[in-house]
Each structure stands twice: as structure tokens, then as C-alpha cells.
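Raw protein_4.txt, compact mmCIF, N, CA and C atoms:
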# COMPACT_ATOMS: atom_id res chain seq x y z
N MET A 1 80.81 150.62 -181.10
CA MET A 1 80.30 149.54 -180.28
C MET A 1 80.76 148.21 -180.88
N SER A 2 81.30 147.34 -180.08
CA SER A 2 81.80 146.06 -180.54
C SER A 2 80.80 144.95 -180.22
N HIS A 3 80.62 144.04 -181.16
CA HIS A 3 79.72 142.91 -180.97
C HIS A 3 80.53 141.62 -181.06
N PRO A 4 80.13 140.59 -180.34
CA PRO A 4 80.89 139.33 -180.36
C PRO A 4 80.65 138.49 -181.62
N PHE A 5 79.58 138.75 -182.35
CA PHE A 5 79.24 137.89 -183.48
C PHE A 5 79.82 138.43 -184.78
N THR A 6 79.92 137.55 -185.77
CA THR A 6 80.42 137.95 -187.08
C THR A 6 79.37 137.82 -188.17
N ALA A 7 78.25 137.16 -187.87
CA ALA A 7 77.17 137.01 -188.85
C ALA A 7 75.86 136.96 -188.08
N GLY A 8 74.77 137.21 -188.79
CA GLY A 8 73.48 137.16 -188.13
C GLY A 8 72.33 137.10 -189.10
N ALA A 9 71.14 136.97 -188.53
CA ALA A 9 69.93 136.91 -189.33
C ALA A 9 68.78 137.45 -188.49
N ILE A 10 67.72 137.80 -189.18
CA ILE A 10 66.49 138.25 -188.53
C ILE A 10 65.38 137.36 -189.06
N VAL A 11 64.56 136.84 -188.15
CA VAL A 11 63.43 136.02 -188.54
C VAL A 11 62.18 136.63 -187.91
N TYR A 12 61.13 136.76 -188.70
CA TYR A 12 59.87 137.30 -188.20
C TYR A 12 59.01 136.15 -187.71
N ALA A 13 58.30 136.37 -186.60
CA ALA A 13 57.57 135.27 -185.97
C ALA A 13 56.22 135.72 -185.45
N LYS A 14 55.29 134.79 -185.48
CA LYS A 14 53.98 135.00 -184.88
C LYS A 14 54.10 134.94 -183.35
N ASP A 15 54.90 133.99 -182.86
CA ASP A 15 55.12 133.81 -181.42
C ASP A 15 56.62 133.91 -181.15
N ILE A 16 57.09 135.11 -180.81
CA ILE A 16 58.54 135.32 -180.67
C ILE A 16 59.12 134.53 -179.50
N GLY A 17 58.37 134.37 -178.43
CA GLY A 17 58.88 133.61 -177.29
C GLY A 17 59.12 132.16 -177.64
N ARG A 18 58.17 131.56 -178.32
CA ARG A 18 58.29 130.15 -178.71
C ARG A 18 59.45 129.95 -179.67
N LEU A 19 59.57 130.84 -180.67
CA LEU A 19 60.65 130.71 -181.64
C LEU A 19 62.00 130.95 -180.98
N ALA A 20 62.08 131.91 -180.09
CA ALA A 20 63.35 132.17 -179.39
C ALA A 20 63.77 130.96 -178.57
N ARG A 21 62.83 130.34 -177.86
CA ARG A 21 63.15 129.14 -177.07
C ARG A 21 63.61 128.00 -177.98
N PHE A 22 62.97 127.86 -179.14
CA PHE A 22 63.36 126.84 -180.10
C PHE A 22 64.83 127.02 -180.50
N TYR A 23 65.21 128.22 -180.92
CA TYR A 23 66.58 128.45 -181.37
C TYR A 23 67.58 128.39 -180.21
N ALA A 24 67.16 128.76 -179.02
CA ALA A 24 68.03 128.61 -177.85
C ALA A 24 68.31 127.13 -177.60
N ASP A 25 67.28 126.31 -177.67
CA ASP A 25 67.41 124.88 -177.39
C ASP A 25 68.12 124.12 -178.51
N VAL A 26 67.76 124.38 -179.74
CA VAL A 26 68.28 123.60 -180.87
C VAL A 26 69.65 124.10 -181.32
N ALA A 27 69.83 125.40 -181.44
CA ALA A 27 71.08 125.97 -181.96
C ALA A 27 72.01 126.42 -180.84
N HIS A 28 71.61 126.23 -179.61
CA HIS A 28 72.41 126.62 -178.45
C HIS A 28 72.79 128.10 -178.48
N LEU A 29 71.82 128.93 -178.86
CA LEU A 29 72.01 130.37 -178.81
C LEU A 29 71.50 130.87 -177.46
N GLU A 30 72.15 131.89 -176.94
CA GLU A 30 71.76 132.46 -175.65
C GLU A 30 70.83 133.65 -175.86
N ILE A 31 69.72 133.67 -175.13
CA ILE A 31 68.83 134.83 -175.17
C ILE A 31 69.50 135.94 -174.37
N VAL A 32 69.87 137.03 -175.05
CA VAL A 32 70.59 138.11 -174.39
C VAL A 32 69.73 139.36 -174.19
N HIS A 33 68.59 139.41 -174.86
CA HIS A 33 67.71 140.59 -174.74
C HIS A 33 66.32 140.17 -175.19
N ALA A 34 65.32 140.52 -174.41
CA ALA A 34 63.94 140.18 -174.79
C ALA A 34 63.02 141.30 -174.36
N VAL A 35 62.25 141.80 -175.30
CA VAL A 35 61.21 142.80 -175.04
C VAL A 35 59.96 142.37 -175.79
N ALA A 36 58.91 143.15 -175.71
CA ALA A 36 57.62 142.75 -176.27
C ALA A 36 57.65 142.45 -177.77
N ASP A 37 58.48 143.15 -178.53
CA ASP A 37 58.43 142.97 -179.99
C ASP A 37 59.64 142.29 -180.60
N HIS A 38 60.63 141.91 -179.80
CA HIS A 38 61.76 141.17 -180.37
C HIS A 38 62.60 140.50 -179.27
N VAL A 39 63.32 139.47 -179.71
CA VAL A 39 64.24 138.74 -178.84
C VAL A 39 65.57 138.62 -179.58
N VAL A 40 66.66 138.88 -178.88
CA VAL A 40 67.99 138.75 -179.46
C VAL A 40 68.67 137.53 -178.85
N LEU A 41 69.16 136.66 -179.73
CA LEU A 41 69.90 135.47 -179.31
C LEU A 41 71.30 135.55 -179.91
N GLU A 42 72.29 135.07 -179.17
CA GLU A 42 73.66 135.14 -179.67
C GLU A 42 74.47 133.92 -179.27
N SER A 43 75.52 133.69 -180.06
CA SER A 43 76.61 132.80 -179.70
C SER A 43 77.87 133.65 -179.87
N GLU A 44 79.03 133.04 -179.79
CA GLU A 44 80.26 133.81 -179.97
C GLU A 44 80.38 134.37 -181.39
N THR A 45 79.76 133.70 -182.35
CA THR A 45 79.93 134.10 -183.75
C THR A 45 78.64 134.45 -184.48
N TRP A 46 77.50 134.27 -183.84
CA TRP A 46 76.23 134.39 -184.55
C TRP A 46 75.21 135.16 -183.72
N GLU A 47 74.40 135.98 -184.40
CA GLU A 47 73.29 136.67 -183.74
C GLU A 47 72.02 136.39 -184.54
N LEU A 48 70.95 136.06 -183.82
CA LEU A 48 69.64 135.88 -184.42
C LEU A 48 68.67 136.79 -183.69
N VAL A 49 67.94 137.60 -184.43
CA VAL A 49 66.92 138.46 -183.85
C VAL A 49 65.57 137.94 -184.31
N VAL A 50 64.72 137.60 -183.35
CA VAL A 50 63.37 137.14 -183.64
C VAL A 50 62.45 138.34 -183.41
N VAL A 51 61.78 138.78 -184.47
CA VAL A 51 60.96 139.99 -184.45
C VAL A 51 59.49 139.62 -184.61
N ALA A 52 58.64 140.26 -183.82
CA ALA A 52 57.20 139.99 -183.88
C ALA A 52 56.61 140.48 -185.19
N ILE A 53 55.84 139.62 -185.83
CA ILE A 53 55.07 140.02 -187.00
C ILE A 53 53.95 140.94 -186.51
N PRO A 54 53.68 142.04 -187.19
CA PRO A 54 52.58 142.92 -186.76
C PRO A 54 51.27 142.13 -186.58
N ALA A 55 50.50 142.49 -185.59
CA ALA A 55 49.30 141.75 -185.19
C ALA A 55 48.34 141.47 -186.35
N ALA A 56 48.10 142.46 -187.21
CA ALA A 56 47.16 142.26 -188.32
C ALA A 56 47.65 141.17 -189.27
N ALA A 57 48.93 141.14 -189.55
CA ALA A 57 49.49 140.12 -190.43
C ALA A 57 49.55 138.77 -189.71
N ALA A 58 49.92 138.78 -188.43
CA ALA A 58 50.01 137.54 -187.64
C ALA A 58 48.65 136.84 -187.56
N ALA A 59 47.58 137.61 -187.52
CA ALA A 59 46.24 137.03 -187.42
C ALA A 59 45.89 136.18 -188.64
N ARG A 60 46.53 136.45 -189.77
CA ARG A 60 46.26 135.70 -191.00
C ARG A 60 47.15 134.46 -191.15
N ILE A 61 48.11 134.29 -190.26
CA ILE A 61 49.04 133.17 -190.35
C ILE A 61 48.55 132.02 -189.49
N VAL A 62 48.49 130.85 -190.09
CA VAL A 62 48.08 129.65 -189.37
C VAL A 62 49.32 128.79 -189.13
N VAL A 63 49.60 128.52 -187.86
CA VAL A 63 50.72 127.66 -187.50
C VAL A 63 50.14 126.30 -187.16
N THR A 64 50.63 125.25 -187.83
CA THR A 64 50.10 123.90 -187.62
C THR A 64 51.06 123.08 -186.77
N ALA A 65 50.57 121.97 -186.25
CA ALA A 65 51.41 121.04 -185.50
C ALA A 65 51.18 119.65 -186.09
N PRO A 66 52.16 119.02 -186.69
CA PRO A 66 53.51 119.54 -186.88
C PRO A 66 53.50 120.73 -187.85
N PRO A 67 54.56 121.52 -187.83
CA PRO A 67 54.58 122.71 -188.67
C PRO A 67 54.57 122.39 -190.16
N THR A 68 53.87 123.22 -190.92
CA THR A 68 53.90 123.12 -192.38
C THR A 68 55.15 123.86 -192.84
N ARG A 69 56.03 123.16 -193.51
CA ARG A 69 57.30 123.76 -193.93
C ARG A 69 57.10 124.79 -195.03
N ARG A 70 57.78 125.89 -194.90
CA ARG A 70 57.77 126.95 -195.91
C ARG A 70 58.93 126.69 -196.87
N VAL A 71 58.73 125.73 -197.75
CA VAL A 71 59.81 125.30 -198.64
C VAL A 71 60.08 126.27 -199.78
N ASN A 72 59.13 127.11 -200.12
CA ASN A 72 59.31 128.06 -201.22
C ASN A 72 59.83 129.39 -200.69
N THR A 73 61.00 129.34 -200.10
CA THR A 73 61.62 130.55 -199.57
C THR A 73 63.06 130.62 -200.06
N ALA A 74 63.61 131.80 -200.11
CA ALA A 74 64.96 131.97 -200.62
C ALA A 74 66.03 131.72 -199.56
N PHE A 75 65.66 131.61 -198.29
CA PHE A 75 66.65 131.46 -197.22
C PHE A 75 66.35 130.27 -196.34
N LYS A 76 67.42 129.69 -195.82
CA LYS A 76 67.32 128.61 -194.84
C LYS A 76 68.41 128.89 -193.81
N LEU A 77 68.04 129.01 -192.54
CA LEU A 77 69.03 129.21 -191.49
C LEU A 77 69.78 127.91 -191.25
N SER A 78 71.09 128.01 -191.02
CA SER A 78 71.92 126.83 -190.82
C SER A 78 72.73 127.02 -189.55
N PHE A 79 72.82 125.95 -188.74
CA PHE A 79 73.51 126.01 -187.46
C PHE A 79 74.40 124.79 -187.28
N LEU A 80 75.58 125.01 -186.72
CA LEU A 80 76.43 123.92 -186.31
C LEU A 80 75.96 123.45 -184.94
N VAL A 81 75.72 122.16 -184.80
CA VAL A 81 75.26 121.59 -183.54
C VAL A 81 76.24 120.50 -183.10
N ASP A 82 76.24 120.17 -181.84
CA ASP A 82 77.12 119.12 -181.33
C ASP A 82 76.70 117.75 -181.84
N SER A 83 75.39 117.55 -181.99
CA SER A 83 74.86 116.24 -182.35
C SER A 83 73.54 116.41 -183.10
N LEU A 84 73.43 115.81 -184.28
CA LEU A 84 72.16 115.86 -185.00
C LEU A 84 71.07 115.14 -184.22
N ALA A 85 71.41 114.05 -183.57
CA ALA A 85 70.42 113.31 -182.79
C ALA A 85 69.88 114.17 -181.66
N ALA A 86 70.76 114.86 -180.95
CA ALA A 86 70.32 115.74 -179.86
C ALA A 86 69.52 116.92 -180.41
N ALA A 87 69.95 117.48 -181.54
CA ALA A 87 69.22 118.59 -182.16
C ALA A 87 67.84 118.14 -182.62
N ARG A 88 67.76 116.93 -183.15
CA ARG A 88 66.47 116.37 -183.59
C ARG A 88 65.52 116.27 -182.40
N ALA A 89 66.00 115.75 -181.27
CA ALA A 89 65.16 115.62 -180.07
C ALA A 89 64.76 116.98 -179.54
N ALA A 90 65.70 117.94 -179.51
CA ALA A 90 65.40 119.28 -179.02
C ALA A 90 64.40 119.98 -179.93
N ALA A 91 64.55 119.82 -181.25
CA ALA A 91 63.62 120.44 -182.19
C ALA A 91 62.21 119.91 -181.98
N LEU A 92 62.07 118.61 -181.84
CA LEU A 92 60.76 118.00 -181.64
C LEU A 92 60.14 118.49 -180.33
N ALA A 93 60.93 118.53 -179.26
CA ALA A 93 60.43 118.98 -177.96
C ALA A 93 60.00 120.44 -177.98
N ALA A 94 60.64 121.24 -178.87
CA ALA A 94 60.35 122.67 -178.94
C ALA A 94 59.33 123.02 -180.03
N GLY A 95 58.72 122.00 -180.65
CA GLY A 95 57.66 122.26 -181.62
C GLY A 95 58.08 122.28 -183.07
N GLY A 96 59.34 122.03 -183.37
CA GLY A 96 59.81 121.98 -184.75
C GLY A 96 60.15 120.55 -185.11
N GLU A 97 61.00 120.39 -186.11
CA GLU A 97 61.41 119.04 -186.47
C GLU A 97 62.65 119.06 -187.34
N LEU A 98 63.42 117.98 -187.25
CA LEU A 98 64.50 117.69 -188.19
C LEU A 98 64.13 116.39 -188.87
N ASP A 99 64.54 116.26 -190.13
CA ASP A 99 64.27 115.04 -190.86
C ASP A 99 64.89 113.84 -190.15
N PRO A 100 64.41 112.63 -190.44
CA PRO A 100 64.98 111.43 -189.81
C PRO A 100 66.41 111.18 -190.30
N PRO A 101 67.17 110.37 -189.56
CA PRO A 101 68.56 110.08 -189.93
C PRO A 101 68.73 109.58 -191.37
N ALA A 102 67.77 108.88 -191.91
CA ALA A 102 67.87 108.38 -193.28
C ALA A 102 67.97 109.50 -194.31
N LYS A 103 67.58 110.71 -193.95
CA LYS A 103 67.64 111.84 -194.88
C LYS A 103 68.85 112.74 -194.64
N GLU A 104 69.75 112.34 -193.76
CA GLU A 104 70.98 113.10 -193.54
C GLU A 104 71.94 112.86 -194.71
N TRP A 105 72.87 113.80 -194.91
CA TRP A 105 73.88 113.61 -195.94
C TRP A 105 75.18 114.29 -195.50
N ASP A 106 76.27 113.95 -196.20
CA ASP A 106 77.58 114.53 -195.93
C ASP A 106 77.83 115.69 -196.87
N PHE A 107 78.40 116.77 -196.32
CA PHE A 107 78.68 117.96 -197.12
C PHE A 107 79.86 118.68 -196.49
N GLN A 108 80.95 118.78 -197.20
CA GLN A 108 82.14 119.51 -196.79
C GLN A 108 82.60 119.14 -195.37
N GLY A 109 82.68 117.85 -195.11
CA GLY A 109 83.17 117.38 -193.83
C GLY A 109 82.16 117.48 -192.69
N LEU A 110 80.92 117.74 -193.03
CA LEU A 110 79.86 117.84 -192.03
C LEU A 110 78.75 116.84 -192.33
N ARG A 111 78.05 116.43 -191.33
CA ARG A 111 76.83 115.63 -191.49
C ARG A 111 75.69 116.63 -191.39
N VAL A 112 74.76 116.62 -192.33
CA VAL A 112 73.77 117.68 -192.50
C VAL A 112 72.36 117.11 -192.50
N CYS A 113 71.42 117.88 -191.96
CA CYS A 113 70.02 117.47 -191.93
C CYS A 113 69.12 118.71 -191.98
N ASP A 114 68.10 118.67 -192.82
CA ASP A 114 67.13 119.76 -192.91
C ASP A 114 65.99 119.57 -191.93
N GLY A 115 65.28 120.64 -191.69
CA GLY A 115 64.11 120.60 -190.82
C GLY A 115 63.42 121.94 -190.84
N CYS A 116 62.62 122.19 -189.80
CA CYS A 116 61.94 123.48 -189.71
C CYS A 116 61.70 123.84 -188.25
N ASP A 117 61.51 125.14 -188.02
CA ASP A 117 61.19 125.61 -186.68
C ASP A 117 59.68 125.49 -186.46
N PRO A 118 59.16 125.85 -185.30
CA PRO A 118 57.73 125.67 -185.01
C PRO A 118 56.79 126.44 -185.92
N GLU A 119 57.29 127.46 -186.61
CA GLU A 119 56.44 128.24 -187.52
C GLU A 119 56.65 127.84 -188.98
N GLY A 120 57.44 126.79 -189.22
CA GLY A 120 57.62 126.28 -190.57
C GLY A 120 58.80 126.85 -191.33
N ASN A 121 59.56 127.76 -190.70
CA ASN A 121 60.75 128.31 -191.36
C ASN A 121 61.79 127.21 -191.51
N MET A 122 62.35 127.08 -192.70
CA MET A 122 63.32 126.02 -192.98
C MET A 122 64.63 126.29 -192.24
N ILE A 123 65.19 125.21 -191.69
CA ILE A 123 66.48 125.27 -191.01
C ILE A 123 67.33 124.10 -191.49
N GLN A 124 68.62 124.18 -191.18
CA GLN A 124 69.52 123.08 -191.44
C GLN A 124 70.45 122.97 -190.25
N ALA A 125 70.58 121.76 -189.73
CA ALA A 125 71.52 121.49 -188.65
C ALA A 125 72.70 120.74 -189.24
N ARG A 126 73.90 121.09 -188.76
CA ARG A 126 75.12 120.45 -189.26
C ARG A 126 75.97 120.06 -188.06
N GLU A 127 76.50 118.85 -188.11
CA GLU A 127 77.43 118.42 -187.06
C GLU A 127 78.76 118.06 -187.69
N GLU A 128 79.82 118.28 -186.95
CA GLU A 128 81.14 117.88 -187.44
C GLU A 128 81.17 116.36 -187.47
N ALA A 129 81.63 115.83 -188.59
CA ALA A 129 81.65 114.38 -188.76
C ALA A 129 83.00 113.97 -189.32
N PRO A 130 83.88 113.43 -188.48
CA PRO A 130 85.22 113.08 -188.94
C PRO A 130 85.23 112.16 -190.15
N GLY A 131 84.24 111.27 -190.27
CA GLY A 131 84.21 110.33 -191.39
C GLY A 131 83.46 110.83 -192.60
N ALA A 132 82.92 112.06 -192.54
CA ALA A 132 82.11 112.57 -193.65
C ALA A 132 82.99 112.90 -194.84
N ALA A 133 82.48 112.65 -196.03
CA ALA A 133 83.21 112.95 -197.25
C ALA A 133 83.16 114.44 -197.55
N PRO A 134 84.29 115.04 -197.93
CA PRO A 134 84.29 116.49 -198.25
C PRO A 134 83.58 116.78 -199.56
Please lay out the structure from this file as C-alpha cells.
Amino acid sequence: MSHPFTAGAIVYAKDIGRLARFYADVAHLEIVHAVADHVVLESETWELVVVAIPAAAAARIVVTAPPTRRVNTAFKLSFLVDSLAAARAAALAAGGELDPPAKEWDFQGLRVCDGCDPEGNMIQAREEAPGAAP
């Protein structure tokens, strides 16, 4: 079986629908499959599977607004976006957030900004920036 993506990740969520919509809006991933316990999102090169946290464990998780960032984690999802400003607006509208422009930085020819999804999972948005320092 052939898949269009070359890399992927799995994120566990209390509200899989909300998280899937967030990543569809912010990272421009397409929802290609959705059932009660998981949602699959894809681009040409990336796959993200949002999996439901079992009900007993989900009941112990408190999701705040704005989200409390889970900064003590070993992973941070990173996405190339067309515009950090547009991604920032989409993240806010979908219940997450990206840091303000003052906290952006240049990295390997990209303009980069950290943030989090609606459940506090850390993310990073990157846009191509012709003037960015490598």
C-alpha cells in the first residue's frame, strides 16, 4: 500500500474533533478519515493522526482557555505555513495560540514561532522568509 506522506505523528486528544479542526485550519492538513476514536489528517508529505484519549484518563485532564502549555514534553510538532500572521489568527480562532510577532526568530532560512494547540500541546509554525538568516 502506498501513502502520499513521508513523515507523520500521532497526538492523543481529549476532544479529537476540536484538535483535528485546529490542525486542519492552522497547518492546512486535510481531514481524510474520521471515526469515533481517531481522525487522520494529511498533506502531500505529512500525516497526523489524532487519537482519542481513553475516557477514564480524559476525565482527569483539564483543558483551559487559553490553553495551559505542556512545556515539559519531549516533542513539539512543527509545520510549514504560508504566513505566521495567518497561522496566528487561525490558531486563536481554533482555540490555540501562537506567540506574538516579537517572539518570532529566524532559523535556517525560516521565520519561526512557537505556540500550542487547544489542549496545550506545543507546536511550532515556520514560514519561508527570503530575508531570514540561515
message = If we count only C-alpha atoms and set the cut-off at 7 Å, which residues sit around Val71 of chain A, ignoring sequence neighbours fewer than 2 positions away in its own chain? Please answer as number ranges by chain.
response = A: 69, 73, 122
Just to be explicit: take each residue in the selection above, keep N, CA and C atoms, and write the result as an mmCIF file, in the coordinates of the input.
data_model
loop_
_atom_site.group_PDB
_atom_site.id
_atom_site.type_symbol
_atom_site.label_atom_id
_atom_site.label_comp_id
_atom_site.auth_asym_id
_atom_site.auth_seq_id
_atom_site.Cartn_x
_atom_site.Cartn_y
_atom_site.Cartn_z
ATOM 1 N N ARG A 69 56.030 123.160 -193.510
ATOM 2 C CA ARG A 69 57.300 123.760 -193.930
ATOM 3 C C ARG A 69 57.100 124.790 -195.030
ATOM 4 N N THR A 73 61.000 129.340 -200.100
ATOM 5 C CA THR A 73 61.620 130.550 -199.570
ATOM 6 C C THR A 73 63.060 130.620 -200.060
ATOM 7 N N MET A 122 62.350 127.080 -192.700
ATOM 8 C CA MET A 122 63.320 126.020 -192.980
ATOM 9 C C MET A 122 64.630 126.290 -192.240
#
request  = Do a neighbour search on segment 96-104 of chain A at 6 Å with all atoms listed in the file, toss out local chain neighbours closer than 3 positions, and write the hits as a PyMOL selection string.
outcome  = chain A and resi 88+91-93+112-118
Excluding Asp82 of chain A and any residue of its chain fewer than 4 positions from it, enumerate the residues within 8 Å of it, using only N, CA and C atoms, and give them as a PDB file with N, CA and C atoms, in the frame of the given file.
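Result file out_6.pdb:
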ATOM      1  N   VAL A  26      67.760 124.380-179.740  1.00  0.00           N
ATOM      2  CA  VAL A  26      68.280 123.600-180.870  1.00  0.00           C
ATOM      3  C   VAL A  26      69.650 124.100-181.320  1.00  0.00           C
ATOM      4  N   ALA A  27      69.830 125.400-181.440  1.00  0.00           N
ATOM      5  CA  ALA A  27      71.080 125.970-181.960  1.00  0.00           C
ATOM      6  C   ALA A  27      72.010 126.420-180.840  1.00  0.00           C
ATOM      7  N   HIS A  28      71.610 126.230-179.610  1.00  0.00           N
ATOM      8  CA  HIS A  28      72.410 126.620-178.450  1.00  0.00           C
ATOM      9  C   HIS A  28      72.790 128.100-178.480  1.00  0.00           C
ATOM     10  N   ALA A  86      70.760 114.860-180.950  1.00  0.00           N
ATOM     11  CA  ALA A  86      70.320 115.740-179.860  1.00  0.00           C
ATOM     12  C   ALA A  86      69.520 116.920-180.410  1.00  0.00           C
ATOM     13  N   ALA A  87      69.950 117.480-181.540  1.00  0.00           N
ATOM     14  CA  ALA A  87      69.220 118.590-182.160  1.00  0.00           C
ATOM     15  C   ALA A  87      67.840 118.140-182.620  1.00  0.00           C
ATOM     16  N   ARG A 126      73.900 121.090-188.760  1.00  0.00           N
ATOM     17  CA  ARG A 126      75.120 120.450-189.260  1.00  0.00           C
ATOM     18  C   ARG A 126      75.970 120.060-188.060  1.00  0.00           C
ATOM     19  N   GLU A 127      76.500 118.850-188.110  1.00  0.00           N
ATOM     20  CA  GLU A 127      77.430 118.420-187.060  1.00  0.00           C
ATOM     21  C   GLU A 127      78.760 118.060-187.690  1.00  0.00           C
ATOM     22  N   GLU A 128      79.820 118.280-186.950  1.00  0.00           N
ATOM     23  CA  GLU A 128      81.140 117.880-187.440  1.00  0.00           C
ATOM     24  C   GLU A 128      81.170 116.360-187.470  1.00  0.00           C
TER      25      GLU A 128
END
task = For atom C of Ile61 of chain A and atom C of Val11 of chain A, determine how far apart the two atoms are, in Å to one decimal place.
result =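 Between atom C of Ile61 of chain A and atom C of Val11 of chain A the gap is 14.5 Å.
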message = Considering only C-alpha atoms, can you say which of A:Ala24, A:Ile53, A:Ala59, A:Ala7 comes closest to Ala94 of chain A?
response =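 Looking only at the distances to Ala94 of chain A, the closest residue turns out to be A:Ala24.
For the set A:Leu84, A:Val50, A:Val63, A:Ala56, the residue with the smallest atom-to-atom gap to Phe22 of chain A is A:Val50, counting only C-alpha atoms.
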key: Between atom CA of Val49 of chain A and atom CA of Asp106 of chain A, distance in Å (one decimal)   = 28.8 Å
query = atom CA of Arg21 of chain A and atom CA of Val62 of chain A, how far apart in Å?
reply =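 According to the coordinates, atom CA of Val62 of chain A and atom CA of Arg21 of chain A are separated by 19.5 Å.
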message = Please return, as a ChimeraX atom specification, all residues of segment 5-130 of chain A that DSSP assigns to helix (DSSP H, G or I) on the basis of the backbone.
response = /A:16-27,55-58,84-93,101-103
task = Step one, run DSSP on the backbone; step two, keep only residues of segment 54-107 of chain A assigned to strand (DSSP E); then write them as a VMD selection string.
result = chain A and resid 77 to 80 97 to 98 105 to 107
message = Which residue is closest to Gly8 of chain A? Choose from A:Val35, A:Ala55, A:Thr64, A:Trp46 and count all atoms listed in the file.
response =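 Answer, going by the shortest atom-to-atom distance: A:Trp46.
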ask   = Smallest atom-to-atom distance to Arg70 of chain A: which of A:Leu48, A:Glu119, A:Ala13, A:Arg18, using all atoms listed in the file?
value =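 Ranking A:Leu48, A:Glu119, A:Ala13, A:Arg18 by distance to Arg70 of chain A, first place goes to A:Glu119.
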message = (71.2, 127.4, -191.3) in this file's frame - what residues fall within 6 Å of it? Use all atoms listed in the file and give the answer as a ChimeraX atom specification.
response = /A:76-79,123-125
key: Nearest to Ala52 of chain A, chosen from A:Gly120, A:Gly17, A:Pro66, A:Gly95, with all atoms listed in the file counted in the distances   =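 Using all atoms listed in the file, Ala52 of chain A sits closest to A:Gly17.
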inquiry  = Here is a test: counting only C-alpha atoms, which residue of A:Ala57, A:Ala9, A:Leu19, A:Leu110 is nearest to Glu42 of chain A?
reply    =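 The answer is A:Ala9, which sits nearest to Glu42 of chain A.
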Is there a way to complete segment 69-75 of chain A with all heavy atoms and then write that out as a compact mmCIF listing (two decimals), keeping the file's coordinate frame?
# COMPACT_ATOMS: atom_id res chain seq x y z
N ARG A 69 56.03 123.16 -193.51
CA ARG A 69 57.30 123.76 -193.93
C ARG A 69 57.10 124.79 -195.03
O ARG A 69 56.39 124.54 -196.00
CB ARG A 69 58.27 122.69 -194.40
CG ARG A 69 58.71 121.78 -193.29
CD ARG A 69 59.75 120.80 -193.75
NE ARG A 69 60.09 119.89 -192.67
CZ ARG A 69 61.14 119.10 -192.68
NH1 ARG A 69 61.95 119.09 -193.73
NH2 ARG A 69 61.38 118.31 -191.66
N ARG A 70 57.78 125.89 -194.90
CA ARG A 70 57.77 126.95 -195.91
C ARG A 70 58.93 126.69 -196.87
O ARG A 70 59.97 127.33 -196.81
CB ARG A 70 57.92 128.31 -195.24
CG ARG A 70 56.77 128.65 -194.33
CD ARG A 70 56.97 129.99 -193.68
NE ARG A 70 55.90 130.26 -192.75
CZ ARG A 70 55.91 131.25 -191.89
NH1 ARG A 70 56.93 132.08 -191.83
NH2 ARG A 70 54.89 131.44 -191.07
N VAL A 71 58.73 125.73 -197.75
CA VAL A 71 59.81 125.30 -198.64
C VAL A 71 60.08 126.27 -199.78
O VAL A 71 61.16 126.24 -200.36
CB VAL A 71 59.55 123.88 -199.19
CG1 VAL A 71 59.58 122.86 -198.07
CG2 VAL A 71 58.24 123.81 -199.94
N ASN A 72 59.13 127.11 -200.12
CA ASN A 72 59.31 128.06 -201.22
C ASN A 72 59.83 129.39 -200.69
O ASN A 72 59.19 130.42 -200.84
CB ASN A 72 57.99 128.25 -201.97
CG ASN A 72 57.56 126.99 -202.67
OD1 ASN A 72 58.40 126.24 -203.18
ND2 ASN A 72 56.27 126.72 -202.69
N THR A 73 61.00 129.34 -200.10
CA THR A 73 61.62 130.55 -199.57
C THR A 73 63.06 130.62 -200.06
O THR A 73 63.66 129.58 -200.39
CB THR A 73 61.55 130.58 -198.03
OG1 THR A 73 62.11 131.79 -197.56
CG2 THR A 73 62.29 129.41 -197.42
N ALA A 74 63.61 131.80 -200.11
CA ALA A 74 64.96 131.97 -200.62
C ALA A 74 66.03 131.72 -199.56
O ALA A 74 67.21 131.62 -199.89
CB ALA A 74 65.12 133.39 -201.16
N PHE A 75 65.66 131.61 -198.29
CA PHE A 75 66.65 131.46 -197.22
C PHE A 75 66.35 130.27 -196.34
O PHE A 75 65.19 129.91 -196.12
CB PHE A 75 66.68 132.72 -196.34
CG PHE A 75 67.19 133.92 -197.05
CD1 PHE A 75 66.33 134.80 -197.67
CD2 PHE A 75 68.55 134.16 -197.13
CE1 PHE A 75 66.79 135.90 -198.34
CE2 PHE A 75 69.04 135.26 -197.80
CZ PHE A 75 68.16 136.14 -198.41
